[in-house]
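input_27.txt follows (compact mmCIF, C-alpha atoms):
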# COMPACT_ATOMS: atom_id res chain seq x y z
CA MET Q 28 0.00 0.00 0.00
CA ASN Q 29 1.80 3.10 -1.26
CA ASP Q 30 0.58 6.10 0.75
CA GLN Q 31 1.35 9.73 0.05
CA PRO Q 32 0.74 12.64 2.41
CA SER Q 33 -2.44 14.46 1.42
CA ARG Q 34 -2.17 18.10 0.45
CA GLN Q 35 -3.21 19.64 3.75
CA PRO Q 36 -1.64 22.48 5.74
CA PRO Q 37 0.49 21.44 8.69
CA LEU Q 38 -1.09 21.52 12.09
CA ARG Q 39 -0.53 24.86 13.80
CA PRO Q 40 -2.03 24.62 17.30
CA ASP Q 41 -2.63 27.90 19.08
CA THR Q 42 -1.82 26.31 22.44
CA PRO Q 43 1.74 25.65 23.62
CA ARG Q 44 3.32 22.35 22.65
CA PHE Q 45 3.88 21.47 26.31
CA ASP Q 46 1.35 21.80 29.08
CA PRO Q 47 2.81 21.33 32.58
CA ALA Q 48 -0.67 20.35 33.76
CA ALA Q 49 -0.45 17.30 31.50
CA GLU Q 50 2.26 15.71 33.66
CA GLY Q 51 1.69 11.96 33.72
CA ARG Q 52 0.32 11.80 30.20
CA LYS Q 53 2.56 10.23 27.58
CA ASN Q 54 4.13 12.64 25.08
CA VAL Q 55 3.86 11.04 21.65
CA PHE Q 56 5.34 12.77 18.61
CA LEU Q 57 3.88 12.04 15.17
CA VAL Q 58 5.92 12.98 12.12
CA GLY Q 59 4.02 15.27 9.75
CA MET Q 60 0.76 15.19 11.67
CA THR Q 61 -2.10 16.94 9.85
CA PRO Q 62 -5.46 18.17 11.22
CA PHE Q 63 -7.16 15.15 9.58
CA HIS Q 64 -4.90 12.69 11.37
CA ARG Q 65 -4.93 14.68 14.59
CA ALA Q 66 -8.70 14.15 14.68
CA LYS Q 67 -8.14 10.41 14.25
CA LEU Q 68 -5.67 10.41 17.13
CA ASP Q 69 -8.00 12.36 19.39
CA SER Q 70 -10.75 9.77 18.77
CA LEU Q 71 -8.62 6.84 19.97
CA PRO Q 72 -9.74 5.01 23.13
CA ASN Q 73 -8.05 6.55 26.16
CA ALA Q 74 -6.81 9.47 24.07
CA GLU Q 75 -6.80 11.50 27.27
CA ASP Q 76 -3.79 9.44 28.38
CA TYR Q 77 -1.63 10.98 25.65
CA CYS Q 78 -0.32 14.36 24.57
CA PHE Q 79 0.10 14.30 20.81
CA HIS Q 80 2.70 16.56 19.22
CA SER Q 81 3.55 17.15 15.58
CA LEU Q 82 7.17 16.65 14.55
CA LEU Q 83 8.60 18.14 11.33
CA ASP Q 84 5.66 20.32 10.34
CA GLU Q 85 7.65 22.02 7.60
CA PRO Q 86 8.19 20.07 4.35
CA HIS Q 87 11.74 18.88 3.76
CA ASP Q 88 11.16 17.06 0.45
CA TYR Q 89 13.50 14.05 0.66
CA ASP Q 90 16.39 15.56 2.60
CA VAL Q 91 16.73 12.72 5.09
CA PRO Q 92 19.86 14.07 6.86
CA GLY Q 93 18.19 17.49 7.15
CA MET Q 94 14.98 15.94 8.45
CA LEU Q 95 16.85 13.93 11.06
CA GLN Q 96 18.76 17.00 12.17
CA GLN Q 97 15.61 19.11 12.41
CA ALA Q 98 13.68 16.36 14.22
CA GLU Q 99 16.41 16.01 16.85
CA LYS Q 100 16.52 19.78 17.24
CA GLU Q 101 12.76 19.91 17.87
CA LEU Q 102 12.88 17.01 20.31
CA ASP Q 103 15.82 18.53 22.20
CA ALA Q 104 13.91 21.81 22.52
CA PHE Q 105 10.83 20.12 23.97
CA PRO Q 106 10.68 20.95 27.71
CA GLY Q 107 8.94 17.73 28.69
CA ARG Q 108 9.72 14.03 28.46
CA VAL Q 109 9.73 12.46 24.98
CA ASP Q 110 8.03 9.08 25.40
CA ALA Q 111 7.61 8.01 21.80
CA VAL Q 112 8.05 9.00 18.16
CA ALA Q 113 5.86 7.37 15.53
CA GLY Q 114 4.60 7.80 11.97
CA TYR Q 115 2.23 6.47 9.33
CA ILE Q 116 3.66 7.93 6.10
CA ASP Q 117 5.71 6.23 3.39
CA PHE Q 118 9.28 7.11 2.40
CA PRO Q 119 11.21 8.95 3.63
CA ILE Q 120 9.36 9.00 6.97
CA SER Q 121 9.06 5.21 7.25
CA THR Q 122 12.79 4.66 6.76
CA MET Q 123 13.84 7.69 8.81
CA LEU Q 124 12.03 6.63 12.00
CA PRO Q 125 14.27 3.65 12.92
CA ILE Q 126 17.34 5.87 12.63
CA LEU Q 127 15.82 8.63 14.75
CA CYS Q 128 14.43 6.25 17.36
CA ALA Q 129 17.72 4.36 17.66
CA ARG Q 130 19.53 7.65 18.31
CA ARG Q 131 17.02 8.59 21.01
CA GLY Q 132 16.70 5.17 22.63
CA LEU Q 133 13.04 4.88 21.63
CA ARG Q 134 11.11 1.81 20.46
CA SER Q 135 10.96 1.08 16.74
CA ALA Q 136 11.54 -1.70 14.24
CA SER Q 137 15.22 -2.23 13.49
CA LEU Q 138 16.58 -0.54 10.39
CA GLU Q 139 17.88 -3.85 9.03
CA SER Q 140 14.49 -5.58 9.27
CA LEU Q 141 12.78 -2.58 7.75
CA LEU Q 142 15.18 -2.47 4.78
CA LYS Q 143 14.62 -6.17 4.16
CA CYS Q 144 11.02 -5.18 3.44
CA GLU Q 145 11.45 -1.73 1.84
CA HIS Q 146 14.39 -2.42 -0.54
CA LYS Q 147 12.49 -4.19 -3.30
CA TYR Q 148 15.39 -6.37 -4.46
CA TRP Q 149 16.57 -7.29 -0.95
CA ALA Q 150 12.94 -7.99 -0.02
CA ARG Q 151 12.53 -10.45 -2.89
CA MET Q 152 15.80 -12.17 -2.01
CA GLU Q 153 14.65 -12.70 1.58
CA GLN Q 154 11.09 -13.68 0.61
CA ARG Q 155 12.38 -16.29 -1.81
CA LYS Q 156 14.11 -18.06 1.10
CA VAL Q 157 10.89 -18.71 3.01
CA VAL Q 158 7.90 -18.35 0.63
CA PRO Q 159 9.27 -19.17 -2.86
CA GLU Q 160 5.84 -20.39 -3.95
CA ALA Q 161 4.43 -16.84 -3.58
CA ILE Q 162 7.22 -14.95 -5.37
CA PRO Q 163 7.45 -14.14 -9.11
CA GLY Q 164 10.66 -14.31 -11.11
CA PHE Q 165 12.73 -11.14 -10.63
CA THR Q 166 16.10 -9.57 -11.32
CA ALA Q 167 18.02 -6.41 -10.44
CA VAL Q 168 18.53 -3.89 -13.25
CA ASP Q 169 20.89 -0.94 -13.53
CA PRO Q 170 18.89 1.46 -15.74
CA PHE Q 171 22.08 3.33 -16.67
CA ASP Q 172 23.90 0.19 -17.86
CA SER Q 173 22.87 -0.96 -21.34
CA ARG Q 174 24.32 -4.42 -20.69
CA SER Q 175 22.27 -4.83 -17.52
CA VAL Q 176 19.14 -3.79 -19.41
CA ALA Q 177 19.91 -6.13 -22.31
CA ASP Q 178 20.41 -9.04 -19.90
CA ILE Q 179 16.95 -8.91 -18.29
CA PRO Q 180 16.05 -12.64 -18.31
CA LEU Q 181 12.27 -12.17 -18.29
CA GLY Q 182 9.89 -12.56 -21.17
CA TYR Q 183 7.44 -9.79 -22.07
CA PRO Q 184 5.35 -8.50 -20.46
CA TYR Q 185 6.90 -7.66 -17.09
CA TRP Q 186 7.09 -4.81 -14.58
CA ILE Q 187 10.06 -2.58 -13.93
CA LYS Q 188 10.24 -0.29 -10.89
CA PRO Q 189 12.88 1.36 -8.69
CA VAL Q 190 14.16 -0.58 -5.67
CA LYS Q 191 12.66 2.26 -3.62
CA SER Q 192 9.52 3.98 -4.79
CA SER Q 193 6.37 5.55 -3.39
CA GLY Q 194 2.87 5.58 -4.79
CA SER Q 195 3.93 3.35 -7.74
CA TYR Q 196 6.15 6.21 -8.90
CA LEU Q 197 8.27 5.22 -11.94
CA GLY Q 198 6.67 1.78 -12.14
CA PHE Q 199 6.01 0.65 -15.71
CA ARG Q 200 4.47 -2.36 -17.42
CA ILE Q 201 6.88 -3.41 -20.15
CA ARG Q 202 5.26 -4.95 -23.22
CA ASP Q 203 8.15 -4.83 -25.67
CA GLU Q 204 11.48 -3.18 -26.42
CA GLU Q 205 9.79 0.10 -27.32
CA THR Q 206 7.93 0.43 -24.00
CA LEU Q 207 11.13 -0.55 -22.17
CA GLN Q 208 13.08 2.26 -23.78
CA ARG Q 209 10.29 4.77 -23.09
CA ALA Q 210 10.23 3.67 -19.45
CA LEU Q 211 14.00 4.07 -19.15
CA GLU Q 212 13.74 7.59 -20.58
CA GLU Q 213 11.45 8.42 -17.64
CA ILE Q 214 13.37 6.46 -15.02
CA ARG Q 215 16.91 7.68 -15.70
CA PRO Q 216 16.45 11.44 -15.05
CA ASN Q 217 14.01 10.91 -12.14
CA ILE Q 218 15.11 7.88 -10.16
CA GLY Q 219 17.59 9.92 -8.13
CA MET Q 220 14.78 11.91 -6.48
CA LEU Q 221 14.11 8.97 -4.17
CA GLY Q 222 17.23 6.94 -4.94
CA GLY Q 223 19.65 9.49 -3.51
CA PRO Q 224 17.88 9.86 -0.15
CA PHE Q 225 17.40 6.09 0.03
CA ASN Q 226 21.14 5.63 -0.47
CA PHE Q 227 21.74 7.75 2.64
CA VAL Q 228 19.51 5.37 4.59
CA LEU Q 229 21.32 2.35 3.15
CA GLU Q 230 24.64 3.83 4.30
CA GLN Q 231 23.43 3.65 7.90
CA GLU Q 232 23.34 -0.16 7.76
CA SER Q 233 25.94 -2.85 7.07
CA LEU Q 234 24.65 -4.52 3.90
CA PRO Q 235 25.47 -7.91 2.38
CA GLU Q 236 27.75 -7.46 -0.63
CA GLU Q 237 25.09 -8.67 -3.07
CA ILE Q 238 22.64 -6.07 -1.77
CA ALA Q 239 25.18 -3.24 -1.50
CA ARG Q 240 25.72 -3.46 -5.27
CA VAL Q 241 22.02 -2.72 -5.86
CA ASP Q 242 21.61 0.82 -4.51
CA GLY Q 243 18.71 3.24 -4.67
CA ASN Q 244 19.38 4.12 -8.30
CA HIS Q 245 18.70 0.56 -9.43
CA CYS Q 246 15.47 -1.10 -10.48
CA VAL Q 247 13.83 -4.47 -10.12
CA ALA Q 248 12.21 -6.23 -13.06
CA GLU Q 249 9.52 -8.77 -12.13
CA GLU Q 250 7.27 -11.23 -13.88
CA LEU Q 251 3.65 -10.15 -13.99
CA ILE Q 252 1.42 -11.32 -11.19
CA GLY Q 253 -2.25 -10.55 -10.94
CA GLY Q 254 -5.71 -11.38 -9.72
CA ARG Q 255 -7.81 -9.76 -7.04
CA GLN Q 256 -5.66 -7.45 -4.97
CA CYS Q 257 -5.96 -6.87 -1.25
CA THR Q 258 -3.91 -5.63 1.67
CA LEU Q 259 -3.60 -7.34 5.05
CA GLU Q 260 -2.86 -4.82 7.76
CA GLY Q 261 -1.49 -5.61 11.18
CA TYR Q 262 1.42 -5.23 13.58
CA VAL Q 263 4.18 -7.18 15.30
CA TYR Q 264 4.33 -6.97 19.09
CA GLU Q 265 6.98 -8.78 21.08
CA GLY Q 266 7.80 -10.91 18.05
CA LYS Q 267 4.21 -12.05 17.42
CA VAL Q 268 2.36 -11.13 14.22
CA HIS Q 269 -1.21 -9.86 14.57
CA TYR Q 270 -3.68 -8.89 11.80
CA HIS Q 271 -6.60 -6.52 12.32
CA GLY Q 272 -8.14 -6.21 8.85
CA THR Q 273 -8.05 -6.95 5.13
CA VAL Q 274 -8.78 -4.16 2.64
CA ASP Q 275 -9.60 -4.75 -1.02
CA SER Q 276 -7.50 -2.69 -3.45
CA ILE Q 277 -9.59 -2.14 -6.57
CA ARG Q 278 -8.13 -0.74 -9.79
CA PHE Q 279 -9.87 0.90 -12.73
CA PRO Q 280 -10.71 -1.57 -15.54
CA ASN Q 281 -7.73 -2.12 -17.86
CA SER Q 282 -5.58 0.18 -15.73
CA SER Q 283 -2.92 -0.10 -13.04
CA SER Q 284 -4.31 2.97 -11.21
CA PHE Q 285 -6.27 2.43 -8.00
CA ALA Q 286 -9.94 3.40 -8.04
CA ARG Q 287 -10.62 2.70 -4.36
CA TYR Q 288 -9.71 0.81 -1.20
CA GLU Q 289 -12.75 -0.97 0.24
CA TYR Q 290 -13.24 -2.50 3.68
CA PRO Q 291 -14.01 -5.20 4.77
CA SER Q 292 -12.56 -7.42 2.05
CA THR Q 293 -14.80 -9.81 0.13
CA ILE Q 294 -11.97 -12.26 -0.60
CA PRO Q 295 -12.73 -15.67 1.01
CA ARG Q 296 -11.45 -16.01 4.55
CA ARG Q 297 -9.58 -19.22 3.70
CA VAL Q 298 -7.57 -17.23 1.15
CA GLN Q 299 -6.96 -14.43 3.63
CA ALA Q 300 -5.67 -17.05 6.07
CA ARG Q 301 -3.17 -18.32 3.49
CA MET Q 302 -2.03 -14.77 2.88
CA GLY Q 303 -1.66 -14.23 6.60
CA ASP Q 304 0.53 -17.31 6.94
CA ILE Q 305 2.79 -16.14 4.09
CA GLY Q 306 3.14 -12.68 5.62
CA LYS Q 307 3.86 -14.13 9.06
CA ARG Q 308 6.65 -16.34 7.74
CA VAL Q 309 8.35 -13.44 5.99
CA LEU Q 310 8.05 -10.98 8.88
CA GLU Q 311 9.43 -13.52 11.34
CA HIS Q 312 12.24 -14.42 8.95
CA VAL Q 313 13.47 -10.82 8.59
CA GLY Q 314 13.10 -10.10 12.32
CA PHE Q 315 10.53 -7.33 11.93
CA ASP Q 316 9.13 -6.25 15.31
CA ASP Q 317 7.62 -3.31 17.22
CA SER Q 318 5.86 -1.83 14.19
CA GLY Q 319 2.70 -1.81 12.16
CA PHE Q 320 2.69 -3.06 8.58
CA ASN Q 321 0.51 -3.65 5.56
CA ILE Q 322 1.15 -6.47 3.10
CA GLU Q 323 -0.19 -6.41 -0.45
CA PHE Q 324 -1.27 -9.65 -2.12
CA PHE Q 325 -2.89 -10.90 -5.30
CA TRP Q 326 -5.25 -13.85 -5.43
CA ASP Q 327 -5.44 -15.53 -8.84
CA ARG Q 328 -8.87 -17.07 -8.42
CA ALA Q 329 -8.73 -19.27 -11.52
CA ARG Q 330 -5.56 -21.00 -10.28
CA ASP Q 331 -6.28 -20.44 -6.57
CA LYS Q 332 -2.80 -18.96 -6.41
CA VAL Q 333 -1.64 -16.39 -3.84
CA TRP Q 334 1.12 -13.92 -4.76
CA LEU Q 335 2.98 -11.65 -2.36
CA LEU Q 336 3.39 -8.21 -3.94
CA GLU Q 337 5.15 -6.18 -1.22
CA ILE Q 338 5.41 -5.39 2.47
CA ASN Q 339 5.04 -1.81 3.67
CA THR Q 340 6.54 -1.16 7.10
CA ARG Q 341 3.77 1.03 8.52
CA VAL Q 342 0.02 1.13 8.78
CA ALA Q 343 -1.66 2.76 5.78
CA GLN Q 344 -2.92 6.29 6.34
CA HIS Q 345 -5.57 5.79 3.65
CA HIS Q 346 -6.96 2.94 5.76
CA SER Q 347 -7.33 4.94 8.97
CA ASP Q 348 -10.79 6.27 8.19
CA LEU Q 349 -11.95 2.84 6.97
CA PHE Q 350 -11.14 1.13 10.26
CA GLU Q 351 -12.71 3.95 12.23
CA LYS Q 352 -15.93 3.81 10.21
CA VAL Q 353 -16.34 0.02 10.33
CA ASP Q 354 -14.50 -1.16 13.44
CA GLY Q 355 -14.81 1.94 15.61
CA THR Q 356 -11.12 2.81 16.05
CA SER Q 357 -8.56 4.24 13.66
CA ASN Q 358 -5.41 2.25 12.91
CA HIS Q 359 -3.47 5.12 14.52
CA GLU Q 360 -3.91 2.98 17.62
CA VAL Q 361 -1.12 0.79 16.23
CA PRO Q 362 1.86 3.17 15.90
CA VAL Q 363 0.95 5.01 19.11
CA LYS Q 364 0.66 1.92 21.31
CA LEU Q 365 3.67 0.13 19.81
CA ALA Q 366 5.90 3.18 20.19
CA LEU Q 367 5.02 3.11 23.90
CA GLY Q 368 5.69 -0.61 24.21
CA ARG Q 369 2.04 -1.57 24.52
CA ARG Q 370 -0.09 -3.97 22.51
CA PRO Q 371 -2.68 -2.25 20.28
CA GLU Q 372 -6.34 -3.11 20.70
CA ILE Q 373 -8.55 -2.53 17.66
CA PRO Q 374 -12.19 -3.58 18.11
CA ARG Q 375 -14.12 -5.41 15.42
CA ARG Q 376 -17.26 -4.11 13.75
CA LYS Q 377 -18.03 -1.51 16.41
CA GLY Q 378 -18.19 1.44 14.01
CA PRO Q 379 -21.23 3.28 12.58
CA PHE Q 380 -20.98 1.77 9.07
CA ARG Q 381 -20.94 -1.76 7.71
CA ARG Q 382 -18.74 -0.82 4.75
CA ALA Q 383 -16.30 1.96 3.96
CA ALA Q 384 -14.06 3.01 1.09
CA THR Q 385 -11.31 5.42 0.16
CA PHE Q 386 -12.11 6.63 -3.36
CA PHE Q 387 -9.65 8.27 -5.75
CA LEU Q 388 -10.85 10.71 -8.40
CA ARG Q 389 -8.26 10.60 -11.18
CA ALA Q 390 -7.35 12.34 -14.42
CA PHE Q 391 -5.68 10.26 -17.11
CA SER Q 392 -3.72 12.93 -18.99
CA ASP Q 393 -1.82 16.09 -18.11
CA ALA Q 394 -3.54 19.48 -18.03
CA ARG Q 395 -3.58 22.76 -16.13
CA VAL Q 396 -6.21 22.97 -13.39
CA THR Q 397 -8.59 25.91 -13.91
CA ARG Q 398 -11.12 25.13 -11.16
CA VAL Q 399 -11.36 23.07 -7.98
CA PRO Q 400 -14.42 22.53 -5.79
CA SER Q 401 -14.93 25.40 -3.37
CA PRO Q 402 -14.92 24.88 0.42
CA GLY Q 403 -18.64 25.59 0.42
CA GLU Q 404 -19.32 22.96 -2.22
CA ILE Q 405 -17.27 20.43 -0.26
CA GLU Q 406 -19.07 21.22 3.00
CA THR Q 407 -22.44 20.79 1.30
CA LEU Q 408 -21.52 17.37 -0.07
CA GLN Q 409 -20.05 16.23 3.26
CA ALA Q 410 -23.24 17.25 5.02
CA ARG Q 411 -25.40 15.47 2.43
CA TYR Q 412 -23.51 12.20 2.86
CA PRO Q 413 -22.77 11.73 6.60
CA GLY Q 414 -19.27 10.53 7.39
CA THR Q 415 -17.88 11.69 4.07
CA VAL Q 416 -14.50 13.46 4.03
CA ILE Q 417 -13.34 15.13 0.79
CA GLN Q 418 -9.68 16.07 0.31
CA PRO Q 419 -8.77 17.78 -3.00
CA GLN Q 420 -5.18 17.04 -3.98
CA VAL Q 421 -4.74 19.78 -6.60
CA GLU Q 422 -4.94 23.56 -6.67
CA GLU Q 423 -6.18 26.01 -9.28
CA GLY Q 424 -3.44 27.00 -11.72
CA MET Q 425 -1.19 23.98 -11.25
CA TRP Q 426 -0.24 21.41 -13.87
CA LEU Q 427 -1.18 17.86 -12.99
CA SER Q 428 2.32 16.72 -13.95
CA SER Q 429 3.69 18.81 -11.06
CA LEU Q 430 2.09 16.45 -8.53
CA HIS Q 431 4.67 14.39 -6.64
CA GLU Q 432 4.84 10.60 -6.56
CA GLN Q 433 1.93 9.81 -8.86
CA ASP Q 434 1.66 6.45 -10.53
CA SER Q 435 2.87 6.35 -14.12
CA TYR Q 436 -0.55 6.42 -15.74
CA SER Q 437 -2.82 8.90 -13.92
CA TYR Q 438 -3.04 11.92 -11.61
CA ASN Q 439 -4.91 11.94 -8.29
CA LEU Q 440 -7.33 14.89 -8.16
CA GLY Q 441 -8.99 14.09 -4.87
CA ILE Q 442 -9.39 11.55 -2.09
CA VAL Q 443 -12.88 10.88 -0.71
CA TYR Q 444 -13.60 8.77 2.37
CA MET Q 445 -17.14 7.38 2.59
CA GLY Q 446 -19.16 4.87 4.60
CA ALA Q 447 -22.48 3.11 3.99
CA GLY Q 448 -24.61 0.17 5.04
CA SER Q 449 -23.94 -1.86 1.90
CA ARG Q 450 -21.61 -2.06 -1.10
CA ARG Q 451 -24.43 -0.98 -3.41
CA LYS Q 452 -25.18 2.12 -1.34
CA LEU Q 453 -21.47 2.93 -1.04
CA ARG Q 454 -20.96 2.81 -4.81
CA SER Q 455 -24.18 4.73 -5.50
CA ASP Q 456 -23.24 7.54 -3.12
CA TRP Q 457 -19.75 7.72 -4.61
CA ARG Q 458 -21.09 8.14 -8.15
CA GLU Q 459 -23.22 11.04 -6.96
CA VAL Q 460 -20.35 12.70 -5.10
CA ALA Q 461 -17.89 12.19 -7.97
CA GLY Q 462 -20.37 13.72 -10.38
CA ALA Q 463 -20.81 16.76 -8.14
CA LEU Q 464 -17.08 17.46 -7.65
CA ARG Q 465 -16.31 20.07 -10.30
CA PHE Q 466 -12.67 19.98 -11.33
CA GLU Q 467 -12.01 21.86 -14.58
CA PHE Q 468 -8.99 22.07 -16.88
CA ASP Q 469 -7.61 24.00 -19.82
CA ARG Q 470 -8.22 21.02 -22.15
CA ASP Q 471 -10.33 17.89 -22.42
CA VAL Q 472 -9.25 15.36 -19.80
CA GLU Q 473 -10.63 11.95 -18.97
CA VAL Q 474 -11.68 12.01 -15.31
CA ARG Q 475 -13.09 9.03 -13.45
Could you write out this file's structure as structure tokens?
Amino acid sequence: MNDQPSRQPPLRPDTPRFDPAAEGRKNVFLVGMTPFHRAKLDSLPNAEDYCFHSLLDEPHDYDVPGMLQQAEKELDAFPGRVDAVAGYIDFPISTMLPILCARRGLRSASLESLLKCEHKYWARMEQRKVVPEAIPGFTAVDPFDSRSVADIPLGYPYWIKPVKSSGSYLGFRIRDEETLQRALEEIRPNIGMLGGPFNFVLEQESLPEEIARVDGNHCVAEELIGGRQCTLEGYVYEGKVHYHGTVDSIRFPNSSSFARYEYPSTIPRRVQARMGDIGKRVLEHVGFDDSGFNIEFFWDRARDKVWLLEINTRVAQHHSDLFEKVDGTSNHEVPVKLALGRRPEIPRRKGPFRRAATFFLRAFSDARVTRVPSPGEIETLQARYPGTVIQPQVEEGMWLSSLHEQDSYSYNLGIVYMGAGSRRKLRSDWREVAGALRFEFDRDVEVR
């Protein structure tokens, strides 16, 4: 599950960051906390036992050394006790946290175990040792080395993607030599945006020689896998793997772009159990502990085959509203409790809705945005459909191609969280909301 921070202003509380009257409450720092996620935190059971603080409000792009330095500066300046630091956002936050927590003596997954999940080539090498039946054929590729590209031992079609990406950024389906060369033309000038910062993280760990040769400016080519996609989310506490939900990841027809995440999953429970066993074996093998995770799978129904796509070393922020709507508690319970050394407790089916979804409104070609829904229009729609939260991701005047970390085939215009009593009602309400959200452009653009 490749999350990206939504385009919201950083939290700017009017009250001081430290309240002496709150002595006895645990001070928990969340990296990049937004008002949306602050509300989720405040709704957690026993939220009164914590003082939540935002860490690194200001954007730092991918300057991991600068972010670490600034985070330590903010923590050092805090007049109270720092009990925990946690996060729920993809790279670079997910890979920065183990470094920061190790420096401060705080609980976190180890950097080595995290990299064995986040480095796509290293991850496949480790997964192949324990769950070879769930792993496609793969190989490392140096996109700047013509010999390495020519030696890809996979037949068309296949996927190529950086060893470290976010939001399917620079991931391409390769059908033939022509699409390979077009993909490389995109990858070569852009891979360093994430590859350079990821290399800094890799330098903090002693790597096996085979892995050290495949740095952040390399790619992985993989055989195609497919079927119904879902994500198992959970956590590891004191070495034991726990799952708290399975979310269906539904793409647009004939597209690799996600249309929505829907909860609870409709994949048979026996299949979910097989997925859970595969994930458990891998997480135990790499020594992953003291952290939330989400693991993406495919189920090929015709062959009754389960494929492991990837492991993300954090809970998914786009799932937080889903769990709150259906189960009654946001998955923010996981990073907060684990960072304090406690076992999370997420209830089951205690929320106000039977079903929930995170919908993505997407454009499928580049254009300049000439209109976005007004705050008043958004408030009206949210009031009309109780529980709905609408988060535009673009601004008037911007080019869609200026959005960061988009997948290679579409642009995310808005994220909409909705709940309902049935799948039919959920889909019906979404069609009405999508039709009412007026995004306009300087040219004809397919939006769906």
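Pairwise distance (CA of Lys352 in chain Q, CA of Ser292 in chain Q) equals 14.3 Å.
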Q) Between CA of Leu388 in chain Q and CA of Leu335 in chain Q, what is the distance, to one decimal in Å? A) 27.0 Å
Who sits within 9 Å of Pro371 in chain Q, only C-alpha atoms, same chain under 3 positions skipped, as a CSV table (one decimal) with C-alpha atoms, keeping the file's coordinate frame:
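The resulting file, selection.csv, is reproduced below:
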chain,number,residue,atom,x,y,z
Q,262,TYR,CA,1.4,-5.2,13.6
Q,264,TYR,CA,4.3,-7.0,19.1
Q,360,GLU,CA,-3.9,3.0,17.6
Q,361,VAL,CA,-1.1,0.8,16.2
Q,362,PRO,CA,1.9,3.2,15.9
Q,363,VAL,CA,1.0,5.0,19.1
Q,364,LYS,CA,0.7,1.9,21.3
Q,365,LEU,CA,3.7,0.1,19.8
Q) Of the candidates Q:Val247, Q:Val313, Q:Ile417, Q:Val241, which one gets nearest to Trp186 in chain Q if we count only C-alpha atoms? A) Q:Val247
Using all atoms listed in the file, tabulate the residues of range 86-205 of chain Q lying at most 9 Å from any atom of range 56-76 of chain Q, each with its closest atom pair and that distance in Å to one decimal, by chain and increasing residue number, as a Markdown table.
| residue | atom | partner | partner_atom | distance |
| --- | --- | --- | --- | --- |
| Q:Pro86 | CA | Q:Gly59 | CA | 8.3 |
| Q:Ala98 | CA | Q:Val58 | CA | 8.7 |
| Q:Leu102 | CA | Q:Phe56 | CA | 8.8 |
| Q:Val109 | CA | Q:Phe56 | CA | 7.7 |
| Q:Asp110 | CA | Q:Phe56 | CA | 8.2 |
| Q:Ala111 | CA | Q:Phe56 | CA | 6.2 |
| Q:Val112 | CA | Q:Phe56 | CA | 4.7 |
| Q:Ala113 | CA | Q:Leu57 | CA | 5.1 |
| Q:Gly114 | CA | Q:Val58 | CA | 5.3 |
| Q:Tyr115 | CA | Q:Val58 | CA | 8.0 |
| Q:Ile116 | CA | Q:Val58 | CA | 8.2 |
| Q:Ile120 | CA | Q:Val58 | CA | 7.4 |
| Q:Leu124 | CA | Q:Val58 | CA | 8.8 |
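Distances here use all atoms listed in the file; by that measure, the residue among Q:Trp334, Q:Phe387, Q:Phe324, Q:Phe315 closest to Arg278 in chain Q is Q:Phe387.
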